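Colleague: The structure is given below, and queries will be raised subsequently.
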Amino acid sequence: MAEKKFYTKKEAADILGIHPRTVERYLLSGKLKGARFTKVWKISEDDIQAFYDAAKEETAEAIKERSGAGVKNGGGSHEQS
């Protein structure tokens, strides 16, 4: 069995490029999974990857929705006189 890699809140923040307090907010909300041992959070590499993948999917959906919004309104059709 392969040994799992775990990261602290600060290490996870460095990997994700966000502030450690933001990581803590995500952990407390359940958006990012982790385990708290007294005052120390441990986040698995798999959970960081799952969080990243979910954020990537949300971003793709938001971009898709925004790009489709202009088309719904007719896209600025031109009339010739």
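Identifiers in this document derive from the order of the structure tokens: chains are assigned A, B, ..., residues are numbered from 1 separately in each chain, and ligands are numbered from 1 in order of occurrence.
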Excluding same-chain residues fewer than 6 positions from Pro20 in chain A, what lies within 7 Å of it counting only C-alpha atoms, as a PyMOL selection string?
Modeller: chain A and resi 9-10+13
Colleague: Would you kindly return, as a ChimeraX atom specification, each protein, DNA or RNA residue with an atom no farther than 12 Å from any atom of range 50-55 of chain A, considering only C-alpha atoms and excluding same-chain residues fewer than 5 positions away?
Modeller: /A:12-13,15-18,23,26-27,30-34,43-45,60-62
Colleague: The selected residues should be written to file as a CSV table (one decimal), in the first residue's frame (atoms: N, CA and C atoms).
Modeller:
chain,number,residue,atom,x,y,z
A,12,ALA,N,-0.7,23.5,2.1
A,12,ALA,CA,-1.8,23.4,1.1
A,12,ALA,C,-2.0,24.8,0.5
A,13,ALA,N,-1.9,25.9,1.3
A,13,ALA,CA,-2.1,27.2,0.8
A,13,ALA,C,-1.0,27.5,-0.3
A,15,ILE,N,0.6,25.4,-2.1
A,15,ILE,CA,0.3,24.6,-3.3
A,15,ILE,C,-0.8,25.2,-4.2
A,16,LEU,N,-1.8,25.7,-3.5
A,16,LEU,CA,-3.0,26.2,-4.2
A,16,LEU,C,-2.8,27.7,-4.6
A,17,GLY,N,-1.8,28.4,-4.0
A,17,GLY,CA,-1.6,29.8,-4.3
A,17,GLY,C,-2.6,30.7,-3.6
A,18,ILE,N,-3.0,30.3,-2.5
A,18,ILE,CA,-4.0,31.1,-1.7
A,18,ILE,C,-3.5,31.3,-0.3
A,23,VAL,N,-7.6,28.9,3.2
A,23,VAL,CA,-7.6,27.4,3.3
A,23,VAL,C,-8.4,27.0,4.5
A,26,TYR,N,-12.1,27.3,3.9
A,26,TYR,CA,-12.6,26.2,3.0
A,26,TYR,C,-12.7,24.9,3.9
A,27,LEU,N,-11.7,24.7,4.8
A,27,LEU,CA,-11.8,23.5,5.6
A,27,LEU,C,-13.0,23.6,6.6
A,30,GLY,N,-16.2,22.9,4.8
A,30,GLY,CA,-16.3,21.6,4.2
A,30,GLY,C,-16.0,21.6,2.7
A,31,LYS,N,-15.7,22.7,2.1
A,31,LYS,CA,-15.4,22.8,0.7
A,31,LYS,C,-14.1,22.1,0.4
A,32,LEU,N,-13.2,22.1,1.3
A,32,LEU,CA,-11.9,21.4,1.3
A,32,LEU,C,-11.9,20.4,2.5
A,33,LYS,N,-11.6,19.2,2.2
A,33,LYS,CA,-11.6,18.2,3.2
A,33,LYS,C,-10.2,18.1,3.9
A,34,GLY,N,-10.3,17.9,5.2
A,34,GLY,CA,-9.1,17.7,6.0
A,34,GLY,C,-9.4,17.3,7.4
A,43,ILE,N,-4.2,17.9,5.6
A,43,ILE,CA,-4.9,17.8,4.3
A,43,ILE,C,-4.2,16.8,3.4
A,44,SER,N,-4.9,15.8,2.9
A,44,SER,CA,-4.2,14.8,2.1
A,44,SER,C,-4.0,15.4,0.7
A,45,GLU,N,-3.0,14.8,0.0
A,45,GLU,CA,-2.8,15.2,-1.4
A,45,GLU,C,-4.0,15.0,-2.3
A,60,ALA,N,-14.8,26.6,-15.2
A,60,ALA,CA,-15.2,26.3,-16.6
A,60,ALA,C,-16.7,26.5,-16.8
A,61,GLU,N,-17.5,26.1,-15.9
A,61,GLU,CA,-18.9,26.3,-16.0
A,61,GLU,C,-19.3,27.8,-16.0
A,62,ALA,N,-18.6,28.6,-15.1
A,62,ALA,CA,-18.9,30.0,-15.1
A,62,ALA,C,-18.5,30.7,-16.4
Colleague: CA of Arg36 in chain A and CA of Phe6 in chain A are how many Å apart?
Modeller: 11.9 Å
Colleague: Separation of CA of Thr22 in chain A and CA of Tyr7 in chain A, in Å?
Modeller: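 Computing the Euclidean distance for CA of Thr22 in chain A and CA of Tyr7 in chain A yields 15.1 Å.
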Colleague: Which residue is closest to Ile48 in chain A? Choose from A:Arg25, A:Ala2, A:Thr8, A:Gly68 and count only C-alpha atoms.
Modeller: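 The answer is A:Thr8, which sits nearest to Ile48 in chain A.
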Colleague: As a ChimeraX atom specification, which residues of chain A does DSSP assign to strand (DSSP E)?
Modeller: /A:6-7,35-37,40-44
Colleague: Interatomic distance between CA of Ala35 in chain A and CA of Thr59 in chain A?
Modeller: 26.3 Å
Colleague: If you run DSSP on this backbone, which residues of chain A come out as alpha helix (DSSP H), and could you give them as JSON, numbers by chain?
Modeller: {"A": [9, 10, 11, 12, 13, 14, 15, 16, 20, 21, 22, 23, 24, 25, 26, 27, 28, 29, 45, 46, 47, 48, 49, 50, 51, 52, 53, 54, 55, 56, 57, 58, 59, 60, 61, 62, 63, 64, 65, 66, 67, 68, 69, 70, 71, 72]}
Colleague: Generate a file of the selected residues that holds C-alpha atoms, formatted as a CSV table (one decimal), in the first residue's frame.
Modeller:
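Output file selection.csv follows:
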chain,number,residue,atom,x,y,z
A,9,LYS,CA,-2.7,24.4,6.1
A,10,LYS,CA,0.2,26.5,5.1
A,11,GLU,CA,1.6,23.9,2.7
A,12,ALA,CA,-1.8,23.4,1.1
A,13,ALA,CA,-2.1,27.2,0.8
A,14,ASP,CA,1.3,27.3,-1.0
A,15,ILE,CA,0.3,24.6,-3.3
A,16,LEU,CA,-3.0,26.2,-4.2
A,20,PRO,CA,-3.7,30.0,4.7
A,21,ARG,CA,-6.7,31.7,6.2
A,22,THR,CA,-8.6,31.1,3.0
A,23,VAL,CA,-7.6,27.4,3.3
A,24,GLU,CA,-9.0,27.4,6.9
A,25,ARG,CA,-12.3,28.9,5.7
A,26,TYR,CA,-12.6,26.2,3.0
A,27,LEU,CA,-11.8,23.5,5.6
A,28,LEU,CA,-14.3,24.9,8.1
A,29,SER,CA,-17.0,25.1,5.4
A,45,GLU,CA,-2.8,15.2,-1.4
A,46,ASP,CA,-5.9,13.5,-2.8
A,47,ASP,CA,-8.1,16.1,-1.1
A,48,ILE,CA,-6.1,19.0,-2.4
A,49,GLN,CA,-6.4,17.5,-5.9
A,50,ALA,CA,-10.1,17.0,-5.5
A,51,PHE,CA,-10.6,20.6,-4.3
A,52,TYR,CA,-8.5,21.9,-7.3
A,53,ASP,CA,-10.5,19.8,-9.8
A,54,ALA,CA,-13.8,21.0,-8.4
A,55,ALA,CA,-12.6,24.7,-8.5
A,56,LYS,CA,-11.4,24.1,-12.1
A,57,GLU,CA,-14.8,22.7,-13.1
A,58,GLU,CA,-16.7,25.6,-11.4
A,59,THR,CA,-14.5,28.0,-13.3
A,60,ALA,CA,-15.2,26.3,-16.6
A,61,GLU,CA,-18.9,26.3,-16.0
A,62,ALA,CA,-18.9,30.0,-15.1
A,63,ILE,CA,-17.0,30.9,-18.2
A,64,LYS,CA,-19.4,28.8,-20.3
A,65,GLU,CA,-22.4,30.5,-18.8
A,66,ARG,CA,-20.9,34.0,-19.4
A,67,SER,CA,-19.9,33.3,-23.0
A,68,GLY,CA,-23.4,31.9,-23.7
A,69,ALA,CA,-25.1,34.9,-22.2
A,70,GLY,CA,-24.3,37.2,-25.2
A,71,VAL,CA,-25.6,34.6,-27.7
A,72,LYS,CA,-29.0,34.4,-25.9
